[in-house]
>>> print(open('start13.cif').read())   # mmCIF, C-alpha atoms (C1' of nucleotides)
data_start
loop_
_atom_site.label_atom_id
_atom_site.label_comp_id
_atom_site.auth_asym_id
_atom_site.auth_seq_id
_atom_site.Cartn_x
_atom_site.Cartn_y
_atom_site.Cartn_z
CA MET A 1 -12.51 -10.09 -20.07
CA LYS A 2 -9.09 -10.46 -21.56
CA LYS A 3 -7.28 -13.69 -22.12
CA LEU A 4 -3.56 -14.07 -21.82
CA SER A 5 -1.50 -13.76 -24.99
CA CYS A 6 -1.32 -16.63 -27.46
CA ARG A 7 2.46 -16.81 -27.00
CA PHE A 8 2.22 -19.52 -24.39
CA PRO A 9 0.29 -22.14 -26.37
CA MET A 10 2.26 -21.18 -29.46
CA GLY A 11 5.54 -21.51 -27.59
CA ILE A 12 4.60 -25.01 -26.51
CA HIS A 13 3.66 -25.94 -30.06
CA ILE A 14 6.86 -24.48 -31.48
CA LEU A 15 9.11 -26.35 -29.05
CA ALA A 16 7.21 -29.57 -29.67
CA LEU A 17 7.70 -29.30 -33.43
CA ILE A 18 11.38 -28.45 -32.95
CA ALA A 19 11.77 -31.52 -30.77
CA ILE A 20 10.33 -33.73 -33.49
CA GLN A 21 11.92 -32.22 -36.58
CA PRO A 22 14.70 -29.75 -35.71
CA THR A 23 16.14 -28.97 -39.13
CA LEU A 24 12.74 -28.57 -40.77
CA CYS A 25 11.65 -25.87 -38.34
CA THR A 26 12.40 -22.59 -40.07
CA GLY A 27 10.41 -19.51 -39.17
CA ASP A 28 8.40 -19.84 -42.35
CA TYR A 29 7.60 -23.48 -41.75
CA LEU A 30 6.45 -22.86 -38.18
CA ALA A 31 4.43 -19.86 -39.28
CA LYS A 32 2.54 -22.03 -41.75
CA GLN A 33 1.90 -24.67 -39.11
CA LEU A 34 0.58 -22.13 -36.61
CA GLN A 35 -1.11 -20.01 -39.26
CA THR A 36 0.64 -16.78 -38.41
CA ASN A 37 3.53 -14.58 -39.51
CA PRO A 38 7.20 -15.70 -39.43
CA VAL A 39 8.14 -12.61 -37.41
CA VAL A 40 5.62 -13.53 -34.75
CA ILE A 41 7.26 -16.94 -34.55
CA ARG A 42 10.73 -15.43 -34.30
CA LYS A 43 9.67 -13.09 -31.52
CA ILE A 44 8.44 -16.05 -29.49
CA ILE A 45 11.58 -18.02 -30.30
CA ALA A 46 13.67 -15.02 -29.20
CA MET A 47 12.03 -15.25 -25.77
CA LEU A 48 12.58 -19.00 -25.65
CA LYS A 49 16.23 -18.42 -26.53
CA LYS A 50 16.57 -15.91 -23.70
CA ALA A 51 15.26 -18.63 -21.37
CA LYS A 52 17.90 -20.98 -22.78
CA LEU A 53 15.34 -23.49 -23.96
CA VAL A 54 16.29 -23.46 -27.63
CA GLN A 55 19.03 -22.45 -30.02
CA VAL A 56 18.63 -21.38 -33.62
CA ARG A 57 20.88 -21.86 -36.62
CA ALA A 58 21.12 -18.35 -37.99
CA GLY A 59 21.39 -18.08 -41.72
CA VAL A 60 20.77 -21.69 -42.53
CA GLY A 61 17.57 -22.17 -40.56
CA GLY A 62 16.27 -24.78 -38.20
CA ALA A 63 16.47 -24.95 -34.44
CA SER A 64 17.17 -27.42 -31.67
CA LEU A 65 16.35 -27.78 -28.01
CA LEU A 66 18.93 -26.97 -25.34
CA LYS A 67 17.36 -29.36 -22.84
CA SER A 68 15.86 -32.79 -23.28
CA THR A 69 12.12 -32.90 -23.74
CA ASP A 70 11.55 -34.40 -20.31
CA GLN A 71 13.48 -31.59 -18.67
CA ILE A 72 11.37 -28.82 -20.18
CA THR A 73 8.12 -28.24 -18.31
CA LEU A 74 5.15 -26.19 -19.38
CA LEU A 75 5.95 -23.83 -16.49
CA ASP A 76 9.37 -23.17 -18.04
CA ILE A 77 7.67 -22.17 -21.27
CA TYR A 78 4.99 -20.15 -19.50
CA LYS A 79 7.56 -18.12 -17.62
CA ALA A 80 9.67 -17.63 -20.72
CA VAL A 81 6.95 -16.10 -22.87
CA GLU A 82 4.16 -14.95 -20.58
CA VAL A 83 5.86 -13.69 -17.44
CA VAL A 84 8.19 -10.91 -18.41
CA ASP A 85 8.82 -7.43 -17.03
CA HIS A 86 6.92 -7.99 -13.82
CA ASP A 87 6.92 -10.00 -10.64
CA GLY A 88 5.10 -12.92 -12.20
CA GLU A 89 1.82 -12.29 -10.45
CA LEU A 90 -1.16 -13.23 -12.57
CA PHE A 91 -3.68 -11.22 -10.59
CA ASN A 92 -3.51 -7.46 -10.50
CA ILE A 93 -3.61 -6.91 -6.77
CA ARG A 94 -3.08 -3.43 -5.40
CA ASP A 95 -1.36 -3.21 -2.12
CA GLU A 96 -3.75 -1.69 0.41
CA SER A 97 -2.10 -3.40 3.34
CA ASN A 98 -0.87 -0.15 4.81
CA SER A 99 -4.27 1.53 4.70
CA SER A 100 -5.28 3.57 7.70
CA CYS A 101 -8.38 1.38 7.89
CA GLN A 102 -7.37 -1.79 9.68
CA ILE A 103 -10.08 -3.89 8.07
CA THR A 104 -9.09 -2.84 4.57
CA SER A 105 -5.45 -3.36 5.42
CA SER A 106 -6.02 -6.87 6.74
CA LEU A 107 -8.39 -7.77 3.91
CA SER A 108 -5.89 -6.63 1.32
CA ALA A 109 -3.13 -8.77 2.76
CA ASN A 110 -5.34 -11.84 2.87
CA ILE A 111 -6.71 -11.33 -0.63
CA CYS A 112 -3.16 -11.08 -1.90
CA GLU A 113 -2.09 -14.24 -0.13
CA THR A 114 -5.13 -16.23 -1.25
CA LEU A 115 -4.93 -15.23 -4.90
CA ASN A 116 -1.24 -16.00 -5.05
CA GLU A 117 -2.02 -19.46 -3.75
CA ALA A 118 -4.62 -19.89 -6.48
CA GLN A 119 -1.98 -18.95 -9.03
CA GLN A 120 0.41 -21.44 -7.50
CA MET A 121 -2.12 -24.22 -7.98
CA MET A 122 -2.01 -23.57 -11.70
CA GLU A 123 1.76 -23.20 -11.87
CA GLN A 124 2.34 -26.36 -9.87
CA TYR A 125 0.28 -28.23 -12.42
CA LEU A 126 2.21 -26.70 -15.31
CA ALA A 127 5.47 -27.65 -13.60
CA GLN A 128 4.39 -31.29 -13.55
CA ILE A 129 3.81 -31.55 -17.29
CA SER A 130 6.91 -32.00 -19.43
CA LEU A 131 7.20 -31.45 -23.14
CA GLN A 132 7.85 -35.16 -23.47
CA GLN A 133 4.55 -36.00 -21.78
CA LEU A 134 2.74 -33.75 -24.21
CA LEU A 135 4.50 -35.42 -27.14
CA ASP A 136 3.63 -38.86 -25.78
CA GLN A 137 -0.01 -37.90 -25.48
CA SER A 138 -0.06 -36.49 -28.99
CA PHE A 139 1.57 -39.54 -30.58
CA HIS A 140 -0.82 -41.72 -28.63
CA SER A 141 -3.85 -39.92 -29.99
CA LEU A 142 -2.29 -40.13 -33.45
CA ALA A 143 -1.94 -43.88 -33.22
CA GLN A 144 -5.60 -44.38 -32.53
CA MET B 1 3.46 -9.72 -19.79
CA LYS B 2 0.03 -8.46 -18.94
CA LYS B 3 -1.74 -9.18 -15.72
CA LEU B 4 -5.44 -9.66 -15.43
CA SER B 5 -7.54 -6.64 -14.52
CA CYS B 6 -7.71 -5.41 -10.94
CA ARG B 7 -11.48 -5.94 -10.92
CA PHE B 8 -11.19 -9.36 -9.34
CA PRO B 9 -9.26 -8.43 -6.19
CA MET B 10 -11.27 -5.22 -5.97
CA GLY B 11 -14.53 -7.12 -6.33
CA ILE B 12 -13.54 -9.38 -3.45
CA HIS B 13 -12.63 -6.41 -1.31
CA ILE B 14 -15.87 -4.60 -2.13
CA LEU B 15 -18.08 -7.56 -1.25
CA ALA B 16 -16.15 -8.12 1.96
CA LEU B 17 -16.68 -4.54 3.08
CA ILE B 18 -20.35 -4.71 2.13
CA ALA B 19 -20.70 -7.85 4.22
CA ILE B 20 -19.26 -6.10 7.26
CA GLN B 21 -20.90 -2.69 7.01
CA PRO B 22 -23.69 -2.65 4.39
CA THR B 23 -25.16 0.80 4.90
CA LEU B 24 -21.80 2.52 5.09
CA CYS B 25 -20.69 1.25 1.69
CA THR B 26 -21.48 4.03 -0.73
CA GLY B 27 -19.54 4.33 -3.95
CA ASP B 28 -17.54 7.21 -2.50
CA TYR B 29 -16.69 5.33 0.68
CA LEU B 30 -15.53 2.24 -1.19
CA ALA B 31 -13.56 4.38 -3.62
CA LYS B 32 -11.65 5.91 -0.73
CA GLN B 33 -10.96 2.52 0.79
CA LEU B 34 -9.65 1.11 -2.50
CA GLN B 35 -8.00 4.37 -3.51
CA THR B 36 -9.78 4.72 -6.83
CA ASN B 37 -12.69 6.51 -8.45
CA PRO B 38 -16.35 5.99 -7.44
CA VAL B 39 -17.28 5.23 -11.04
CA VAL B 40 -14.73 2.43 -11.14
CA ILE B 41 -16.35 0.99 -8.03
CA ARG B 42 -19.84 1.27 -9.51
CA LYS B 43 -18.75 -0.46 -12.71
CA ILE B 44 -17.50 -3.41 -10.69
CA ILE B 45 -20.63 -3.41 -8.54
CA ALA B 46 -22.73 -3.37 -11.71
CA MET B 47 -21.06 -6.64 -12.76
CA LEU B 48 -21.57 -8.12 -9.31
CA LYS B 49 -25.23 -7.12 -9.51
CA LYS B 50 -25.58 -8.84 -12.87
CA ALA B 51 -24.23 -11.98 -11.19
CA LYS B 52 -26.87 -11.57 -8.47
CA LEU B 53 -24.29 -11.34 -5.71
CA VAL B 54 -25.27 -7.92 -4.42
CA GLN B 55 -28.05 -5.35 -4.47
CA VAL B 56 -27.70 -1.60 -4.17
CA ARG B 57 -29.98 0.99 -2.63
CA ALA B 58 -30.22 3.53 -5.41
CA GLY B 59 -30.47 7.13 -4.31
CA VAL B 60 -29.91 6.56 -0.64
CA GLY B 61 -26.67 4.63 -0.91
CA GLY B 62 -25.31 1.49 0.65
CA ALA B 63 -25.50 -2.09 -0.55
CA SER B 64 -26.15 -5.59 0.74
CA LEU B 65 -25.30 -9.12 -0.25
CA LEU B 66 -27.86 -11.35 -1.95
CA LYS B 67 -26.23 -14.54 -0.63
CA SER B 68 -24.72 -15.37 2.70
CA THR B 69 -20.96 -14.93 2.93
CA ASP B 70 -20.36 -18.66 3.10
CA GLN B 71 -22.30 -19.20 -0.11
CA ILE B 72 -20.22 -16.75 -2.14
CA THR B 73 -16.96 -18.24 -3.40
CA LEU B 74 -14.01 -16.46 -4.94
CA LEU B 75 -14.81 -18.31 -8.16
CA ASP B 76 -18.25 -16.68 -8.21
CA ILE B 77 -16.60 -13.28 -7.98
CA TYR B 78 -13.91 -14.18 -10.51
CA LYS B 79 -16.49 -15.23 -13.07
CA ALA B 80 -18.63 -12.19 -12.39
CA VAL B 81 -15.96 -9.58 -13.05
CA GLU B 82 -13.15 -11.26 -14.97
CA VAL B 83 -14.82 -13.74 -17.27
CA VAL B 84 -17.16 -11.84 -19.52
CA ASP B 85 -17.83 -11.87 -23.24
CA HIS B 86 -15.88 -15.05 -23.90
CA ASP B 87 -15.88 -18.73 -23.15
CA GLY B 88 -14.03 -18.35 -19.88
CA GLU B 89 -10.77 -19.74 -21.12
CA LEU B 90 -7.79 -18.05 -19.52
CA PHE B 91 -5.29 -19.14 -22.14
CA ASN B 92 -5.48 -17.87 -25.67
CA ILE B 93 -5.37 -21.14 -27.54
CA ARG B 94 -5.93 -21.16 -31.26
CA ASP B 95 -7.64 -24.15 -32.65
CA GLU B 96 -5.24 -25.93 -35.00
CA SER B 97 -6.88 -29.29 -34.44
CA ASN B 98 -8.15 -29.54 -38.00
CA SER B 99 -4.77 -28.77 -39.55
CA SER B 100 -3.76 -30.81 -42.57
CA CYS B 101 -0.64 -31.75 -40.61
CA GLN B 102 -1.58 -34.58 -38.30
CA ILE B 103 1.13 -33.80 -35.78
CA THR B 104 0.10 -30.17 -35.47
CA SER B 105 -3.52 -31.20 -35.28
CA SER B 106 -2.90 -33.68 -32.51
CA LEU B 107 -0.53 -31.36 -30.63
CA SER B 108 -3.05 -28.55 -30.75
CA ALA B 109 -5.78 -30.70 -29.25
CA ASN B 110 -3.53 -31.90 -26.45
CA ILE B 111 -2.20 -28.43 -25.66
CA CYS B 112 -5.76 -27.19 -25.41
CA GLU B 113 -6.77 -30.00 -23.10
CA THR B 114 -3.72 -29.65 -20.86
CA LEU B 115 -3.94 -25.88 -20.46
CA ASN B 116 -7.61 -26.07 -19.66
CA GLU B 117 -6.80 -28.53 -16.91
CA ALA B 118 -4.21 -26.11 -15.54
CA GLN B 119 -6.85 -23.43 -15.48
CA GLN B 120 -9.22 -25.78 -13.69
CA MET B 121 -6.66 -26.31 -10.94
CA MET B 122 -6.82 -22.61 -10.20
CA GLU B 123 -10.59 -22.35 -10.46
CA GLN B 124 -11.13 -25.36 -8.22
CA TYR B 125 -9.05 -23.65 -5.57
CA LEU B 126 -11.03 -20.41 -5.96
CA ALA B 127 -14.26 -22.40 -5.65
CA GLN B 128 -13.14 -23.74 -2.29
CA ILE B 129 -12.60 -20.33 -0.70
CA SER B 130 -15.73 -18.56 0.52
CA LEU B 131 -16.05 -14.90 1.34
CA GLN B 132 -16.69 -15.96 4.93
CA GLN B 133 -13.35 -17.77 5.08
CA LEU B 134 -11.58 -14.68 3.86
CA LEU B 135 -13.34 -12.57 6.49
CA ASP B 136 -12.44 -15.07 9.19
CA GLN B 137 -8.80 -14.96 8.16
CA SER B 138 -8.80 -11.18 8.12
CA PHE B 139 -10.39 -10.83 11.54
CA HIS B 140 -8.00 -13.41 12.86
CA SER B 141 -4.97 -11.46 11.67
CA LEU B 142 -6.57 -8.32 13.12
CA ALA B 143 -6.92 -9.93 16.53
CA GLN B 144 -3.25 -10.72 16.71
"C1'" DT C 1 28.30 -14.48 -55.20
"C1'" DT C 2 23.82 -16.08 -54.46
"C1'" DA C 3 19.80 -17.95 -52.07
"C1'" DG C 4 17.57 -18.81 -48.05
"C1'" DT C 5 17.46 -17.73 -43.61
"C1'" DT C 6 17.60 -15.22 -38.92
"C1'" DA C 7 17.47 -10.74 -36.19
"C1'" DT C 8 15.43 -6.77 -35.20
"C1'" DA C 9 13.56 -2.20 -35.48
"C1'" DA C 10 9.62 0.41 -36.65
"C1'" DC C 11 5.11 0.77 -37.51
"C1'" DT C 12 -0.03 -0.27 -37.63
"C1'" DA C 13 -4.81 -1.30 -36.07
"C1'" DA C 14 -7.42 -3.14 -32.58
"C1'" DA C 15 -8.60 -4.05 -27.95
"C1'" DT C 16 -8.53 -3.38 -23.00
"C1'" DC C 17 -7.68 -0.93 -19.09
"C1'" DG C 18 -8.31 2.46 -15.27
"C1'" DG C 19 -9.81 6.76 -14.80
"C1'" DT C 20 -12.58 11.03 -15.55
"C1'" DT C 21 -16.43 14.08 -16.62
"C1'" DA C 22 -21.10 14.90 -17.35
"C1'" DT C 23 -25.92 13.94 -17.22
"C1'" DA C 24 -30.03 11.78 -15.65
"C1'" DA C 25 -32.65 9.35 -12.30
"C1'" DC C 26 -33.58 8.04 -7.69
"C1'" DA C 27 -34.83 8.21 -2.55
"C1'" DA C 28 -35.20 10.18 1.81
"C1'" DA C 29 -35.26 14.27 4.78
"C1'" DC C 30 -36.72 18.67 5.40
"C1'" DG D 1 -42.01 20.27 -3.34
"C1'" DT D 2 -37.33 21.21 -2.85
"C1'" DT D 3 -32.96 19.97 -1.43
"C1'" DT D 4 -29.23 16.79 -0.68
"C1'" DG D 5 -26.71 12.86 -1.40
"C1'" DT D 6 -26.62 9.07 -3.93
"C1'" DT D 7 -26.73 5.59 -7.99
"C1'" DA D 8 -26.64 4.64 -13.17
"C1'" DT D 9 -24.60 5.18 -17.23
"C1'" DA D 10 -22.80 7.07 -21.39
"C1'" DA D 11 -18.93 9.17 -23.46
"C1'" DC D 12 -14.45 10.03 -23.65
"C1'" DC D 13 -9.22 9.96 -22.59
"C1'" DG D 14 -4.40 8.33 -22.42
"C1'" DA D 15 -1.70 4.43 -21.68
"C1'" DT D 16 -0.57 -0.16 -22.61
"C1'" DT D 17 -0.56 -4.61 -24.85
"C1'" DT D 18 -1.32 -7.37 -28.59
"C1'" DA D 19 -0.72 -9.70 -33.21
"C1'" DG D 20 0.64 -8.65 -37.38
"C1'" DT D 21 3.34 -6.39 -41.15
"C1'" DT D 22 7.15 -4.23 -43.66
"C1'" DA D 23 11.80 -3.25 -44.20
"C1'" DT D 24 16.64 -3.66 -43.43
"C1'" DA D 25 20.81 -5.83 -42.03
"C1'" DA D 26 23.47 -9.83 -41.02
"C1'" DC D 27 24.47 -14.60 -41.29
"C1'" DT D 28 25.54 -19.37 -43.45
"C1'" DA D 29 26.26 -22.68 -46.76
"C1'" DA D 30 26.22 -23.98 -51.45
#
>>> encode(input="start13.cif", output="structure tokens")
Amino acid sequence: MKKLSCRFPMGIHILALIAIQPTLCTGDYLAKQLQTNPVVIRKIIAMLKKAKLVQVRAGVGGASLLKSTDQITLLDIYKAVEVVDHDGELFNIRDESNSSCQITSSLSANICETLNEAQQMMEQYLAQISLQQLLDQSFHSLAQ
Amino acid sequence: MKKLSCRFPMGIHILALIAIQPTLCTGDYLAKQLQTNPVVIRKIIAMLKKAKLVQVRAGVGGASLLKSTDQITLLDIYKAVEVVDHDGELFNIRDESNSSCQITSSLSANICETLNEAQQMMEQYLAQISLQQLLDQSFHSLAQ
DNA sequence: TTAGTTATAACTAAATCGGTTATAACAAAC
DNA sequence: GTTTGTTATAACCGATTTAGTTATAACTAA
């Protein structure tokens, strides 16, 4: 019913623009690009800073990456802005593994294990895509 | 920051219990197993009914599956209870592909494509796991 | 000193969530 | 036909998250 927050795709977009044009990327500029509010941008950037992916030039504006674009994966960004304050589990699984009913207990443990594997499939994919790859793809589609 | 709803793991658990002991599975019984409220159970079952995965004996209680356990995949359940009222996209991607800035436009399109592929990795995995497989695993861990 | 910027707190409106209560309808047993 | 146990569903609640906004303070370079 509910999607994840838009911070993840926005975070990717922000870092990509910073990679291309560091000094140009003020909060206002990025907000115009992403059609949102500068404070929303700065909140996302604050999370990316906490993950040591980016640094910001306070006062004067602009930002720059703290890693090279091929060393930043989409999983890094995902975890920086989407996985906070909890164990990182996407699915909301309640632990019934110590139920007095053995079937429920066993089922619960197996559901938990299986869903976490499903999540890992997604995260493994995100870990394989670097910011550089995304930039390459985008420039390639631009050239056509 | 936010996990998905607990309807998905609960829906799996509910269908598994129905598969094992159809007549026993009243709303009250299932609620005790999952440690929640009968109405919560019935809301989930209502979504599973809409997806034609289960039928319920109104008045007398109990439920039964409308497909065999090896023809119900976790993806079926996921889509029945977690993906409703929107296009099924997990990530909240805003369409910036018609931005006046060509870089932003191209980036947006590629972010969208990449994240949807990440989602597909997860859904493909869910599609490979049947309810029967989950039951087999659970009985196997019980036997040990 | 000024202008442009970042940092951050506080607040809002909207949506979703899990849960609860209440009411009506249903089906089988007696 | 009544009773009993159940399903179906609407209405509501409090908590939480979200994106956005406003306001204030601090920073940096010109």
>>> residues_near_point(input="start13.cif", point="(-4.9, -15.6, -2.4)", cutoff="10 Å", atoms="only C-alpha atoms (C1' of nucleotides)", output="PyMOL selection string")
(chain A and resi 91+93+108-120) or (chain B and resi 9+74+125-126+129+134)
>>> axis_aligned_box(input="start13.cif", around="stretch 6-15 of chain D", padding_each_side="6 Å", output="lines of an AutoDock Vina configuration file")
center_x = -14.2
center_y = 7.2
center_z = -13.8
size_x = 37.0
size_y = 17.6
size_z = 31.7
>>> interface_residues(input="start13.cif", of="chain B", to="chain A", cutoff="6 Å", atoms="only C-alpha atoms", output="list in words")
Met1, Lys3, Leu4, Ser5, Cys6, Pro9, Glu82, Val83, Val84, Leu90, Phe91, Asn92, Ile93, Ser106, Leu107, Ala118, Met121, Met122, Tyr125 and Ser138 of chain B
>>> interface_residues(input="start13.cif", of="chain B", to="chain D", cutoff="6 Å", atoms="only C-alpha atoms (C1' of nucleotides)", output="PyMOL selection string")
chain B and resi 58-61
>>> atom_distance(input="start13.cif", atom1="atom CA of B:Asn37", atom2="atom CA of B:Gln132")
26.5 Å
>>> interface_residues(input="start13.cif", of="chain C", to="chain A", cutoff="10 Å", atoms="only C-alpha atoms (C1' of nucleotides)", output="list in words")
DG4, DT5, DT6, DA7, DT8, DA15, DT16 and DC17 of chain C
>>> atom_distance(input="start13.cif", atom1="atom C1' of C:DA28", atom2="atom CA of B:Leu24")
15.8 Å
>>> atom_distance(input="start13.cif", atom1="atom CA of A:Gly11", atom2="atom CA of A:Met47")
9.2 Å
>>> closest_residue(input="start13.cif", among="A:Ser130, A:Ser64, A:Ser97, A:Pro38", to="A:Asp76", atoms="all atoms listed in the file")
A:Ser130
>>> residues_around(input="start13.cif", residues="A:Val54", least_positions_apart="5", cutoff="8 Å", atoms="only C-alpha atoms (C1' of nucleotides)", output="ChimeraX atom specification")
/A:15,45,48-49,63-67
